[in-house]
Structures are given as C-alpha cells and as structure tokens.
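For reference, target-v9.pdb is printed below; it contains PDB, C-alpha atoms.
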```
MODEL        1
ATOM      1  CA  MET A   1       4.914 -47.162 -51.768
ATOM      2  CA  GLN A   2       6.642 -44.483 -49.707
ATOM      3  CA  HIS A   3       8.910 -42.313 -51.830
ATOM      4  CA  ARG A   4      12.239 -41.322 -50.349
ATOM      5  CA  THR A   5      13.580 -37.783 -50.645
ATOM      6  CA  PRO A   6      14.751 -37.058 -54.210
ATOM      7  CA  LYS A   7      18.392 -36.336 -54.877
ATOM      8  CA  GLN A   8      19.664 -33.181 -56.599
ATOM      9  CA  SER A   9      22.978 -33.194 -58.429
ATOM     10  CA  SER A  10      24.621 -30.275 -60.228
ATOM     11  CA  VAL A  11      25.971 -31.238 -63.638
ATOM     12  CA  ALA A  12      27.379 -29.456 -66.682
ATOM     13  CA  PHE A  13      27.687 -30.238 -70.395
ATOM     14  CA  PRO A  14      28.828 -28.340 -73.493
ATOM     15  CA  ALA A  15      26.786 -27.019 -76.387
ATOM     16  CA  LYS A  16      28.057 -27.642 -79.933
ATOM     17  CA  ASP A  17      30.268 -24.531 -79.808
ATOM     18  CA  GLY A  18      31.807 -25.575 -76.497
ATOM     19  CA  PHE A  19      29.825 -23.231 -74.242
ATOM     20  CA  VAL A  20      29.353 -25.074 -70.944
ATOM     21  CA  LEU A  21      25.810 -25.097 -69.579
ATOM     22  CA  SER A  22      24.745 -25.438 -65.960
ATOM     23  CA  ALA A  23      22.146 -28.101 -65.180
ATOM     24  CA  THR A  24      20.588 -30.068 -62.334
ATOM     25  CA  ILE A  25      19.533 -33.722 -62.196
ATOM     26  CA  TYR A  26      16.635 -34.640 -59.896
ATOM     27  CA  SER A  27      16.319 -38.348 -59.185
ATOM     28  CA  SER A  28      14.782 -40.803 -56.771
ATOM     29  CA  PRO A  29      16.383 -43.948 -55.327
ATOM     30  CA  ASN A  30      13.154 -45.822 -56.113
ATOM     31  CA  GLY A  31      12.895 -48.003 -59.215
ATOM     32  CA  THR A  32      15.520 -50.082 -60.965
ATOM     33  CA  GLY A  33      16.018 -52.009 -64.174
ATOM     34  CA  ALA A  34      13.354 -52.187 -66.862
ATOM     35  CA  SER A  35      10.750 -50.654 -64.534
ATOM     36  CA  ARG A  36      12.554 -47.316 -64.480
ATOM     37  CA  LYS A  37      10.382 -44.368 -65.393
ATOM     38  CA  PRO A  38      11.166 -41.695 -68.003
ATOM     39  CA  LEU A  39      13.776 -38.971 -67.875
ATOM     40  CA  VAL A  40      12.258 -35.519 -68.421
ATOM     41  CA  VAL A  41      14.282 -32.686 -69.974
ATOM     42  CA  PHE A  42      12.886 -29.237 -69.154
ATOM     43  CA  ALA A  43      13.047 -26.682 -72.007
ATOM     44  CA  PRO A  44      12.750 -23.340 -70.176
ATOM     45  CA  ALA A  45      10.840 -20.180 -71.001
ATOM     46  CA  THR A  46      12.299 -16.727 -71.697
ATOM     47  CA  GLY A  47      14.525 -15.589 -68.848
ATOM     48  CA  THR A  48      13.209 -18.405 -66.637
ATOM     49  CA  THR A  49      15.946 -20.103 -64.658
ATOM     50  CA  GLN A  50      16.252 -23.479 -62.969
ATOM     51  CA  PRO A  51      14.828 -22.608 -59.513
ATOM     52  CA  PHE A  52      11.447 -21.882 -61.125
ATOM     53  CA  TYR A  53      11.179 -25.535 -62.162
ATOM     54  CA  SER A  54      12.612 -27.145 -59.036
ATOM     55  CA  SER A  55       9.290 -27.848 -57.284
ATOM     56  CA  PHE A  56       7.815 -29.733 -60.233
ATOM     57  CA  ALA A  57      11.127 -31.486 -60.910
ATOM     58  CA  LEU A  58      11.156 -32.661 -57.278
ATOM     59  CA  TYR A  59       7.530 -33.782 -57.628
ATOM     60  CA  LEU A  60       8.412 -35.893 -60.663
ATOM     61  CA  ALA A  61      11.485 -37.333 -58.965
ATOM     62  CA  SER A  62       9.444 -38.232 -55.883
ATOM     63  CA  HIS A  63       7.329 -40.417 -58.182
ATOM     64  CA  GLY A  64      10.297 -42.229 -59.703
ATOM     65  CA  LEU A  65      10.972 -40.090 -62.784
ATOM     66  CA  VAL A  66      14.268 -38.312 -63.420
ATOM     67  CA  ALA A  67      14.256 -34.592 -64.279
ATOM     68  CA  LEU A  68      16.946 -32.506 -65.965
ATOM     69  CA  THR A  69      16.733 -28.728 -65.773
ATOM     70  CA  PHE A  70      19.249 -26.307 -67.297
ATOM     71  CA  ASP A  71      19.877 -22.635 -68.011
ATOM     72  CA  TYR A  72      20.344 -21.162 -71.483
ATOM     73  CA  ARG A  73      23.647 -19.339 -71.926
ATOM     74  CA  TYR A  74      23.831 -15.940 -70.217
ATOM     75  CA  THR A  75      20.960 -16.803 -67.852
ATOM     76  CA  GLY A  76      20.823 -18.450 -64.434
ATOM     77  CA  ASN A  77      24.117 -20.223 -63.769
ATOM     78  CA  SER A  78      25.196 -20.679 -67.405
ATOM     79  CA  TRP A  79      27.962 -18.106 -67.873
ATOM     80  CA  PRO A  80      31.575 -18.155 -69.024
ATOM     81  CA  PRO A  81      34.106 -19.507 -66.505
ATOM     82  CA  SER A  82      34.993 -17.164 -63.625
ATOM     83  CA  THR A  83      31.782 -15.120 -64.020
ATOM     84  CA  PRO A  84      30.579 -14.134 -60.519
ATOM     85  CA  LEU A  85      27.145 -15.648 -59.883
ATOM     86  CA  ASP A  86      26.217 -14.153 -56.507
ATOM     87  CA  ALA A  87      23.540 -11.495 -56.012
ATOM     88  CA  SER A  88      25.869  -8.619 -55.162
ATOM     89  CA  LYS A  89      25.635  -5.381 -57.122
ATOM     90  CA  GLY A  90      29.140  -5.823 -58.530
ATOM     91  CA  SER A  91      28.430  -9.361 -59.740
ATOM     92  CA  LYS A  92      25.196  -8.288 -61.395
ATOM     93  CA  ALA A  93      27.052  -5.492 -63.153
ATOM     94  CA  ALA A  94      29.661  -7.967 -64.411
ATOM     95  CA  ARG A  95      26.943 -10.187 -65.875
ATOM     96  CA  ILE A  96      25.288  -7.185 -67.542
ATOM     97  CA  GLU A  97      28.579  -6.362 -69.252
ATOM     98  CA  ILE A  98      28.728  -9.913 -70.610
ATOM     99  CA  LEU A  99      25.154  -9.574 -71.903
ATOM    100  CA  LYS A 100      26.153  -6.396 -73.707
ATOM    101  CA  ARG A 101      29.203  -8.061 -75.214
ATOM    102  CA  GLU A 102      27.156 -11.069 -76.376
ATOM    103  CA  ARG A 103      24.288  -9.047 -77.837
ATOM    104  CA  GLU A 104      24.268 -11.079 -81.075
ATOM    105  CA  THR A 105      23.150 -14.246 -79.271
ATOM    106  CA  LYS A 106      20.047 -15.632 -81.028
ATOM    107  CA  LEU A 107      17.126 -17.857 -80.099
ATOM    108  CA  ASP A 108      17.235 -19.946 -83.264
ATOM    109  CA  GLU A 109      20.975 -20.395 -83.148
ATOM    110  CA  HIS A 110      22.739 -20.235 -79.776
ATOM    111  CA  TRP A 111      19.789 -21.074 -77.516
ATOM    112  CA  ALA A 112      18.774 -23.825 -79.947
ATOM    113  CA  TRP A 113      22.302 -25.229 -79.572
ATOM    114  CA  ASP A 114      21.846 -25.110 -75.786
ATOM    115  CA  LEU A 115      18.542 -26.976 -75.846
ATOM    116  CA  ALA A 116      19.958 -29.517 -78.296
ATOM    117  CA  ALA A 117      22.814 -30.142 -75.858
ATOM    118  CA  ALA A 118      20.331 -30.681 -73.008
ATOM    119  CA  VAL A 119      18.313 -33.145 -75.100
ATOM    120  CA  ASP A 120      21.517 -34.972 -76.074
ATOM    121  CA  GLU A 121      22.573 -35.149 -72.430
ATOM    122  CA  GLY A 122      19.133 -36.427 -71.460
ATOM    123  CA  ALA A 123      19.238 -39.040 -74.236
ATOM    124  CA  ARG A 124      22.666 -40.226 -73.117
ATOM    125  CA  ARG A 125      21.537 -40.645 -69.536
ATOM    126  CA  ALA A 126      18.158 -42.163 -70.440
ATOM    127  CA  THR A 127      19.760 -44.742 -72.724
ATOM    128  CA  GLY A 128      22.344 -45.664 -70.104
ATOM    129  CA  GLU A 129      19.670 -46.120 -67.437
ATOM    130  CA  GLY A 130      17.078 -47.882 -69.593
ATOM    131  CA  ARG A 131      14.549 -45.043 -69.497
ATOM    132  CA  GLU A 132      12.328 -43.303 -72.025
ATOM    133  CA  LEU A 133      13.269 -39.725 -72.883
ATOM    134  CA  VAL A 134      10.514 -37.081 -72.806
ATOM    135  CA  VAL A 135      10.596 -33.274 -72.918
ATOM    136  CA  LEU A 136       8.600 -30.665 -70.994
ATOM    137  CA  ALA A 137       8.728 -27.444 -73.025
ATOM    138  CA  HIS A 138       7.535 -24.271 -71.316
ATOM    139  CA  SER A 139       6.529 -21.225 -73.389
ATOM    140  CA  LEU A 140       9.621 -20.203 -75.403
ATOM    141  CA  GLY A 141      11.047 -23.684 -74.865
ATOM    142  CA  GLY A 142       8.250 -24.975 -77.085
ATOM    143  CA  HIS A 143       9.228 -22.470 -79.776
ATOM    144  CA  ILE A 144      12.856 -23.569 -79.767
ATOM    145  CA  LEU A 145      12.329 -27.335 -79.473
ATOM    146  CA  PRO A 146      10.792 -27.871 -82.957
ATOM    147  CA  LEU A 147      13.761 -26.009 -84.472
ATOM    148  CA  LEU A 148      16.158 -28.761 -83.392
ATOM    149  CA  PRO A 149      17.380 -31.204 -86.043
ATOM    150  CA  PRO A 150      15.255 -34.354 -86.361
ATOM    151  CA  SER A 151      18.322 -36.419 -85.442
ATOM    152  CA  VAL A 152      18.476 -34.685 -82.047
ATOM    153  CA  LEU A 153      14.764 -35.196 -81.394
ATOM    154  CA  ALA A 154      14.667 -38.808 -82.614
ATOM    155  CA  PRO A 155      15.186 -40.307 -79.105
ATOM    156  CA  VAL A 156      12.295 -38.245 -77.651
ATOM    157  CA  ALA A 157       9.220 -40.417 -77.057
ATOM    158  CA  ARG A 158       6.790 -37.514 -76.524
ATOM    159  CA  VAL A 159       6.631 -33.848 -75.611
ATOM    160  CA  LEU A 160       4.556 -31.796 -73.190
ATOM    161  CA  PHE A 161       3.948 -28.179 -74.230
ATOM    162  CA  VAL A 162       3.054 -25.976 -71.260
ATOM    163  CA  ALA A 163       1.680 -22.538 -72.188
ATOM    164  CA  VAL A 164       3.377 -22.682 -75.584
ATOM    165  CA  CYS A 165       1.499 -20.032 -77.521
ATOM    166  CA  SER A 166       1.863 -17.609 -80.408
ATOM    167  CA  PRO A 167       2.370 -14.039 -79.123
ATOM    168  CA  TYR A 168       1.200 -12.530 -82.429
ATOM    169  CA  HIS A 169      -0.195  -9.067 -81.736
ATOM    170  CA  GLY A 170      -3.393  -9.773 -83.675
ATOM    171  CA  PHE A 171      -4.590 -12.257 -81.063
ATOM    172  CA  TYR A 172      -5.012  -9.553 -78.425
ATOM    173  CA  GLY A 173      -8.118  -7.808 -79.791
ATOM    174  CA  GLY A 174      -8.662  -4.429 -78.213
ATOM    175  CA  LEU A 175      -5.262  -4.641 -76.530
ATOM    176  CA  ILE A 176      -3.308  -4.710 -79.805
ATOM    177  CA  GLU A 177      -2.181  -1.082 -79.776
ATOM    178  CA  GLU A 178      -1.331  -1.155 -76.069
ATOM    179  CA  ARG A 179       0.655  -4.357 -76.579
ATOM    180  CA  LYS A 180       2.544  -2.914 -79.549
ATOM    181  CA  ARG A 181       3.449   0.136 -77.469
ATOM    182  CA  ASP A 182       4.704  -2.066 -74.633
ATOM    183  CA  VAL A 183       6.825  -4.199 -76.961
ATOM    184  CA  GLY A 184       8.084  -1.060 -78.698
ATOM    185  CA  ALA A 185       9.151   0.330 -75.329
ATOM    186  CA  LEU A 186      11.026  -2.888 -74.583
ATOM    187  CA  LEU A 187      12.821  -2.718 -77.937
ATOM    188  CA  LYS A 188      13.749   0.914 -77.393
ATOM    189  CA  ALA A 189      15.075   0.108 -73.925
ATOM    190  CA  ALA A 190      17.007  -2.870 -75.311
ATOM    191  CA  ASP A 191      18.637  -0.692 -77.944
ATOM    192  CA  GLU A 192      19.715   1.801 -75.293
ATOM    193  CA  LEU A 193      20.827  -0.769 -72.713
ATOM    194  CA  GLY A 194      22.542  -3.239 -75.043
ATOM    195  CA  TYR A 195      20.551  -6.182 -73.686
ATOM    196  CA  PHE A 196      16.864  -7.124 -73.574
ATOM    197  CA  PRO A 197      15.192  -6.134 -70.257
ATOM    198  CA  SER A 198      12.823  -9.109 -70.006
ATOM    199  CA  ARG A 199      12.130  -8.322 -66.361
ATOM    200  CA  GLN A 200      10.599  -4.994 -67.430
ATOM    201  CA  GLY A 201       8.083  -6.972 -69.509
ATOM    202  CA  GLY A 202       7.335  -9.479 -66.738
ATOM    203  CA  LEU A 203       9.238 -12.266 -68.484
ATOM    204  CA  GLY A 204      11.955 -13.209 -66.037
ATOM    205  CA  THR A 205      15.595 -12.249 -65.986
ATOM    206  CA  GLU A 206      17.383 -10.118 -68.593
ATOM    207  CA  VAL A 207      18.489 -11.890 -71.772
ATOM    208  CA  PRO A 208      20.790 -11.088 -74.700
ATOM    209  CA  PHE A 209      19.652  -8.358 -77.079
ATOM    210  CA  GLY A 210      19.432 -10.677 -80.089
ATOM    211  CA  CYS A 211      17.164 -13.178 -78.322
ATOM    212  CA  GLY A 212      14.698 -10.523 -77.222
ATOM    213  CA  VAL A 213      14.655  -8.774 -80.584
ATOM    214  CA  GLN A 214      13.942 -11.999 -82.504
ATOM    215  CA  TRP A 215      11.049 -12.825 -80.187
ATOM    216  CA  SER A 216       9.648  -9.302 -80.505
ATOM    217  CA  LEU A 217       9.903  -9.089 -84.299
ATOM    218  CA  TRP A 218       8.243 -12.480 -84.848
ATOM    219  CA  MET A 219       5.191 -11.148 -82.983
ATOM    220  CA  ASP A 220       4.312  -9.144 -86.099
ATOM    221  CA  TYR A 221       3.441 -12.354 -87.973
ATOM    222  CA  GLU A 222       0.379 -14.529 -87.480
ATOM    223  CA  ASN A 223       2.498 -17.639 -88.049
ATOM    224  CA  TYR A 224       5.134 -16.234 -85.650
ATOM    225  CA  TRP A 225       8.547 -17.921 -86.066
ATOM    226  CA  ALA A 226       7.294 -20.052 -88.945
ATOM    227  CA  VAL A 227       7.868 -17.003 -91.146
ATOM    228  CA  ASP A 228      11.570 -17.952 -91.019
ATOM    229  CA  HIS A 229      11.464 -21.647 -90.143
ATOM    230  CA  GLN A 230       8.462 -23.426 -91.688
ATOM    231  CA  SER A 231      10.599 -26.034 -93.458
ATOM    232  CA  ARG A 232      12.214 -27.081 -90.168
ATOM    233  CA  LEU A 233       8.870 -27.014 -88.351
ATOM    234  CA  ASP A 234       7.509 -29.402 -90.992
ATOM    235  CA  GLU A 235      10.107 -31.913 -89.777
ATOM    236  CA  TYR A 236       8.877 -31.871 -86.186
ATOM    237  CA  VAL A 237       6.989 -35.149 -85.633
ATOM    238  CA  ARG A 238       7.108 -35.742 -81.873
ATOM    239  CA  PRO A 239       3.750 -36.678 -80.239
ATOM    240  CA  THR A 240       2.767 -33.550 -78.316
ATOM    241  CA  LEU A 241       0.231 -32.711 -75.617
ATOM    242  CA  ALA A 242      -0.276 -28.920 -75.517
ATOM    243  CA  LEU A 243      -1.660 -27.623 -72.225
ATOM    244  CA  SER A 244      -2.878 -24.068 -71.665
ATOM    245  CA  PHE A 245      -4.456 -22.477 -68.628
ATOM    246  CA  THR A 246      -7.407 -20.179 -68.018
ATOM    247  CA  ASP A 247      -5.377 -17.840 -65.781
ATOM    248  CA  ASP A 248      -2.524 -17.226 -68.240
ATOM    249  CA  TRP A 249      -2.026 -13.500 -68.922
ATOM    250  CA  ILE A 250      -0.029 -14.138 -72.115
ATOM    251  CA  ALA A 251      -1.941 -17.010 -73.724
ATOM    252  CA  ILE A 252      -5.370 -15.439 -73.331
ATOM    253  CA  HIS A 253      -7.029 -17.374 -76.206
ATOM    254  CA  VAL A 254      -6.802 -21.054 -77.137
ATOM    255  CA  LYS A 255      -6.366 -19.903 -80.745
ATOM    256  CA  GLN A 256      -2.867 -18.829 -79.708
ATOM    257  CA  ILE A 257      -2.109 -22.467 -78.889
ATOM    258  CA  ASP A 258      -3.751 -23.663 -82.095
ATOM    259  CA  ALA A 259      -1.600 -21.213 -84.061
ATOM    260  CA  ILE A 260       1.497 -23.067 -82.842
ATOM    261  CA  LEU A 261       0.096 -26.524 -83.555
ATOM    262  CA  ASP A 262      -1.080 -25.404 -86.999
ATOM    263  CA  VAL A 263       2.497 -24.741 -88.128
ATOM    264  CA  LEU A 264       3.593 -28.150 -86.813
ATOM    265  CA  PRO A 265       1.482 -30.067 -89.352
ATOM    266  CA  ASN A 266       3.255 -33.408 -89.027
ATOM    267  CA  ALA A 267       3.268 -33.670 -85.239
ATOM    268  CA  PRO A 268       0.463 -35.732 -83.674
ATOM    269  CA  SER A 269      -0.998 -33.394 -81.076
ATOM    270  CA  ILE A 270      -3.681 -32.817 -78.471
ATOM    271  CA  ARG A 271      -4.612 -29.374 -77.158
ATOM    272  CA  VAL A 272      -6.294 -29.145 -73.745
ATOM    273  CA  HIS A 273      -7.248 -25.926 -71.923
ATOM    274  CA  LEU A 274      -7.205 -26.312 -68.131
ATOM    275  CA  ASN A 275      -8.666 -24.429 -65.200
ATOM    276  CA  PRO A 276      -5.900 -24.833 -62.598
ATOM    277  CA  SER A 277      -8.229 -24.040 -59.698
ATOM    278  CA  THR A 278     -10.462 -27.038 -60.375
ATOM    279  CA  LEU A 279      -8.180 -29.556 -62.076
ATOM    280  CA  GLY A 280      -5.278 -31.582 -60.693
ATOM    281  CA  TRP A 281      -2.867 -30.252 -63.321
ATOM    282  CA  PRO A 282       0.295 -31.795 -61.800
ATOM    283  CA  GLU A 283      -1.270 -35.238 -62.141
ATOM    284  CA  VAL A 284      -2.325 -34.499 -65.734
ATOM    285  CA  MET A 285       1.214 -33.450 -66.623
ATOM    286  CA  LYS A 286       2.798 -36.403 -64.836
ATOM    287  CA  ALA A 287       0.450 -38.894 -66.521
ATOM    288  CA  TRP A 288       1.536 -37.715 -69.973
ATOM    289  CA  LEU A 289       5.234 -37.522 -69.129
ATOM    290  CA  GLU A 290       5.280 -40.859 -67.342
ATOM    291  CA  SER A 291       2.963 -42.997 -69.446
ATOM    292  CA  GLY A 292       1.683 -41.072 -72.461
ATOM    293  CA  ILE A 293      -1.797 -40.885 -70.946
ATOM    294  CA  ALA A 294      -3.668 -37.803 -72.135
ATOM    295  CA  PRO A 295      -6.775 -36.261 -70.556
ATOM    296  CA  ALA A 296     -10.091 -36.856 -72.258
ATOM    297  CA  LEU A 297     -11.187 -33.998 -74.476
ATOM    298  CA  GLY A 298     -13.884 -31.570 -73.447
ATOM    299  CA  ALA A 299     -15.873 -29.034 -75.433
ATOM    300  CA  GLY A 300     -13.720 -26.871 -77.667
ATOM    301  CA  GLU A 301     -10.608 -28.984 -77.278
ATOM    302  CA  ARG A 302      -8.906 -30.658 -80.186
ATOM    303  CA  ARG A 303      -7.123 -33.836 -81.095
ATOM    304  CA  GLU A 304      -4.986 -33.975 -84.233
ATOM    305  CA  PHE A 305      -4.259 -37.674 -84.417
ATOM    306  CA  GLY A 306      -5.943 -41.029 -84.518
ATOM    307  CA  PRO A 307      -4.817 -44.330 -82.979
ATOM    308  CA  GLU A 308      -2.873 -45.105 -86.139
ATOM    309  CA  ARG A 309      -0.722 -41.978 -85.642
ATOM    310  CA  MET A 310       0.202 -42.286 -81.979
ATOM    311  CA  VAL A 311       0.640 -45.866 -80.856
ATOM    312  CA  GLY A 312       0.367 -46.440 -77.133
ATOM    313  CA  VAL A 313      -1.429 -43.219 -76.202
ATOM    314  CA  GLU A 314      -4.440 -43.568 -73.926
ATOM    315  CA  THR A 315      -6.987 -41.071 -72.650
ATOM    316  CA  LYS A 316      -8.576 -40.839 -69.250
ATOM    317  CA  ALA A 317     -11.252 -38.734 -67.615
ATOM    318  CA  LYS A 318     -10.226 -35.361 -66.233
ATOM    319  CA  LEU A 319      -9.287 -35.410 -62.587
TER     320      LEU A 319
ENDMDL
END
```

Kindly return the structure encoded in the file as structure tokens.
Amino acid sequence: MQHRTPKQSSVAFPAKDGFVLSATIYSSPNGTGASRKPLVVFAPATGTTQPFYSSFALYLASHGLVALTFDYRYTGNSWPPSTPLDASKGSKAARIEILKRERETKLDEHWAWDLAAAVDEGARRATGEGRELVVLAHSLGGHILPLLPPSVLAPVARVLFVAVCSPYHGFYGGLIEERKRDVGALLKAADELGYFPSRQGGLGTEVPFGCGVQWSLWMDYENYWAVDHQSRLDEYVRPTLALSFTDDWIAIHVKQIDAILDVLPNAPSIRVHLNPSTLGWPEVMKAWLESGIAPALGAGERREFGPERMVGVETKAKL
C-alpha cells in the first residue's frame, strides 16, 4: 500500500486549571472504521518541544497511526494568550519574564496536569474514531506519566518508555562528583536567573524554576521521585516496554532503567537495551505502539510479566 502524505493540524486544549496547551495532530487519510490504528500521545522530555518529535510523528502517521504532540506550559508554543512566540530578542525576553513570574510551576503538579490533559484529549479522539490509545513517554515524560490518576490512564492500552531512566547521582560511578558540581552550578544559576537554564545542561529549552529544582533534588535519592510519590507509583499498571540506547549520554547504565521499573511494581514491563546503529529502532517502536509486539529478549534484558499478566502481547526476533 502506498501511504499518502500525512496531515498536520494545530489544536489546543485546556489543562484542569484552564491553561491552554498547544498541540499538533498528525494523521493519515489511510484506514477507516474498525481497522483504524492506534492514536499515540507523546509525553515530552525536559525542555523538549514539539518539533523534536515531528519526524517520528510523521513516520507513525505515514503508517496509518495518529500522533498527538504537545508542549508543557511555558515551553514551545504553550504560553498565556498574547505571548509573542517568534525568535526575536524582544519576544524571548518577554517569555523569560513569564518564566520568572511562574517560578513556582512544578513537575508533579502543573506539568502533570498538562500531560493529563493531553491524555484526556487523546482518549476523546481515540474513542470517537474507534482507535486504541497508547502513550510514548520520553525521558521526563515517563517520570510524569505514572503520577497521573489511574482514572486518567485507564483508557491507555500500553505505554512505550524511551530513555526513561533514573538520574540518581550514584549511578554515575567515577563521575559522581563532577555530576554533582554540574547540577549544583545549574541550581545556582537558576536561583540567580529566576528560571532553570536547561539549555546550559544540554536538556533543551529553559523551563520554570520549580520544575528544574524538583528534578535536581530528586537526583539525590536512589529511588528518585518515588521518595515523594511511591503510593501513586504503586497504582501505575499500564503495560510498558522500556527502551534504552547504547549511545545515550544520560542513561549510561541499564540499571538506571531498572531503577524506574523497580518503583513501578504493579506495571507489567519489558526492558530492552538497543544499539541504534545496528537495530531498526523505529520499527521496534512502531510494532509496540501499533500492535503490542515486543522485541525478543537478549542477554541481560528483562521481562517482568508472564502471559497471564499482559494479554495479547507477542514477541518477535530483533530486526
């Protein structure tokens, strides 16, 4: 079948407090009725805005899936009405002033509301179009997703974690002291600037002070954000494939991935570590999102469920 060019549509929807979020729907004209493929909500990483995900969203849409990307508040295109969004120096300065004013924005509160709104919007559209709802959570997105109420996550058939790891300092071996200095420098800069300079740490665009500080302080704990949220994490039960990559400069050990899965004890999960130079990772990701097909496990990989815990999941040989 020849796939026609996917469509892109700008949409918006409110979080629970009324903050309006900017989003994009990627869809293909192919496929109708009961044969329609899943709708994928993207849960973004720290300071990572919609354009970063557009290529993979277009790839999914070209194969008949629907993708929904969005920006957390005070990133990308999600700003209060009348905020200038162009790249001029004056517009950037205006957005920085908003970041300073909204310094109390938090990951486990405001950005969790934003992701919940995106999942709700995806569920509404998926139900109306007769599709499954699945979530692709990238890095921080996989930290926020399990914090959502079970009622919000109930429509989600399965989840793909991409590079969702624990950034606990203790996982970095001989780099621990250097890493602590770097994070300390970021915190000092954030305190002086009034916002968190994620770009300085190689983590994308600047974000509100409160979001960056929460992320940084949780790094002191081996169980990361579970130190504050274990009871909610116990309620996360979505079937999850956790992918990590050999060239990742943040998730340098698979034990960082295991540390996340370990504090999600009731979620059926698979952890697979991929070499992107030798493996067709887009196909692996699409197979899970589209059909719940997981790659076969290799040495050192782990599977935390049996057939009785994840009905309908299949495995296939690595590509």

Counting all atoms listed in the file, figure out which residue out of A:Leu233, A:Leu289, A:Ala61, A:Ala163 gets nearest to A:Trp249.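 Selected residue with least distance to A:Trp249: A:Ala163.
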
Running the PyMOL selection byres ((chain A and resi 79) around 10) on this model by hand, what would come out? Give it as an NGL selection string. :A and (19-22 or 71-78 or 80-85 or 95 or 98-99)

To verify the selection step, state as a PyMOL selection string which residues the PyMOL selection byres ((chain A and resi 216-226) around 12) yields on this input. chain A and resi 46+107-108+140+142-144+146-147+165-172+176+179-188+190+196+198+201+209-215+227-234+255-265

Give me, please, the distance in Å between atom CA of A:Val272 and atom CA of A:Ile250, quoted to one decimal.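 Going from atom CA of A:Val272 over to atom CA of A:Ile250, I get 16.3 Å.
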
Quote the spacing between atom CA of A:Val41 and atom CA of A:Leu136 in Å to one decimal place.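 Rounded to one decimal, the two atoms are 6.1 Å apart.
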
Centre, edges in Å (one decimal): axis-aligned box, stretch 290-296 of chain A, 5 Å padding on all six sides, as AutoDock Vina command-line options:
```
--center_x -2.4 --center_y -39.6 --center_z -69.9 --size_x 25.4 --size_y 16.7 --size_z 15.1
```

Excluding same-chain residues fewer than 4 positions from A:Ser244, what lies within 8 Å of it counting all atoms listed in the file, as a PyMOL selection string? chain A and resi 162-164+248+251+254+257+271-274

Write to file, as a PDB file, in the frame of the given file, the residues of the selection just made, with C-alpha atoms.
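Ended up saving to again15.pdb:
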```
ATOM      1  CA  VAL A 162       3.054 -25.976 -71.260  1.00  0.00           C
ATOM      2  CA  ALA A 163       1.680 -22.538 -72.188  1.00  0.00           C
ATOM      3  CA  VAL A 164       3.377 -22.682 -75.584  1.00  0.00           C
ATOM      4  CA  ASP A 248      -2.524 -17.226 -68.240  1.00  0.00           C
ATOM      5  CA  ALA A 251      -1.941 -17.010 -73.724  1.00  0.00           C
ATOM      6  CA  VAL A 254      -6.802 -21.054 -77.137  1.00  0.00           C
ATOM      7  CA  ILE A 257      -2.109 -22.467 -78.889  1.00  0.00           C
ATOM      8  CA  ARG A 271      -4.612 -29.374 -77.158  1.00  0.00           C
ATOM      9  CA  VAL A 272      -6.294 -29.145 -73.745  1.00  0.00           C
ATOM     10  CA  HIS A 273      -7.248 -25.926 -71.923  1.00  0.00           C
ATOM     11  CA  LEU A 274      -7.205 -26.312 -68.131  1.00  0.00           C
TER      12      LEU A 274
END
```

Residues in the PyMOL selection byres ((chain A and resi 54-59) around 8), expressed as a PDB file with C-alpha atoms, in the coordinates of the input:
```pdb
ATOM      1  CA  PRO A   6      14.751 -37.058 -54.210  1.00  0.00           C
ATOM      2  CA  TYR A  26      16.635 -34.640 -59.896  1.00  0.00           C
ATOM      3  CA  SER A  27      16.319 -38.348 -59.185  1.00  0.00           C
ATOM      4  CA  GLN A  50      16.252 -23.479 -62.969  1.00  0.00           C
ATOM      5  CA  PRO A  51      14.828 -22.608 -59.513  1.00  0.00           C
ATOM      6  CA  PHE A  52      11.447 -21.882 -61.125  1.00  0.00           C
ATOM      7  CA  TYR A  53      11.179 -25.535 -62.162  1.00  0.00           C
ATOM      8  CA  LEU A  60       8.412 -35.893 -60.663  1.00  0.00           C
ATOM      9  CA  ALA A  61      11.485 -37.333 -58.965  1.00  0.00           C
ATOM     10  CA  SER A  62       9.444 -38.232 -55.883  1.00  0.00           C
ATOM     11  CA  HIS A  63       7.329 -40.417 -58.182  1.00  0.00           C
ATOM     12  CA  VAL A  66      14.268 -38.312 -63.420  1.00  0.00           C
ATOM     13  CA  ALA A  67      14.256 -34.592 -64.279  1.00  0.00           C
ATOM     14  CA  LEU A  68      16.946 -32.506 -65.965  1.00  0.00           C
ATOM     15  CA  THR A  69      16.733 -28.728 -65.773  1.00  0.00           C
ATOM     16  CA  PRO A 282       0.295 -31.795 -61.800  1.00  0.00           C
TER      17      PRO A 282
END
```

Name all residues at most 7 Å from A:Ala45 (count all atoms listed in the file; drop same-chain ones fewer than 4 positions away) and give them as a list of chain:residue names.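 Those residues are A:His138, A:Ser139, A:Leu140, A:Gly141.
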
Nearest to A:Asp247, restricted to only C-alpha atoms and choosing among A:Val135, A:Ser277, A:Lys100, A:Ile270, comes out as A:Ser277

Tell me, in Å to one decimal, how far atom CA of A:Asp86 is from atom CA of A:Ile25.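 Those two atoms sit 21.4 Å apart.
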
Can you work out which one of A:Gly47, A:Pro239, A:Gly280, A:Pro38 has the shortest atom-to-atom distance to A:Glu129, counting only C-alpha atoms? A:Pro38

Restricting the calculation to only C-alpha atoms: of A:Asp114, A:Asp191, A:Glu132, A:Glu121, which residue gets closest to A:Arg36?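 Counting only C-alpha atoms, the residue closest to A:Arg36 is A:Glu132.
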
Quick one: of A:Glu177, A:Glu192, A:Asp120, A:Glu102, who's nearest to A:Val156, counting all atoms listed in the file? A:Asp120

Calculated over all atoms listed in the file, which of the candidates A:Asn266, A:Glu97, A:Arg103, A:Leu243 has the smallest distance to A:Val284? A:Leu243
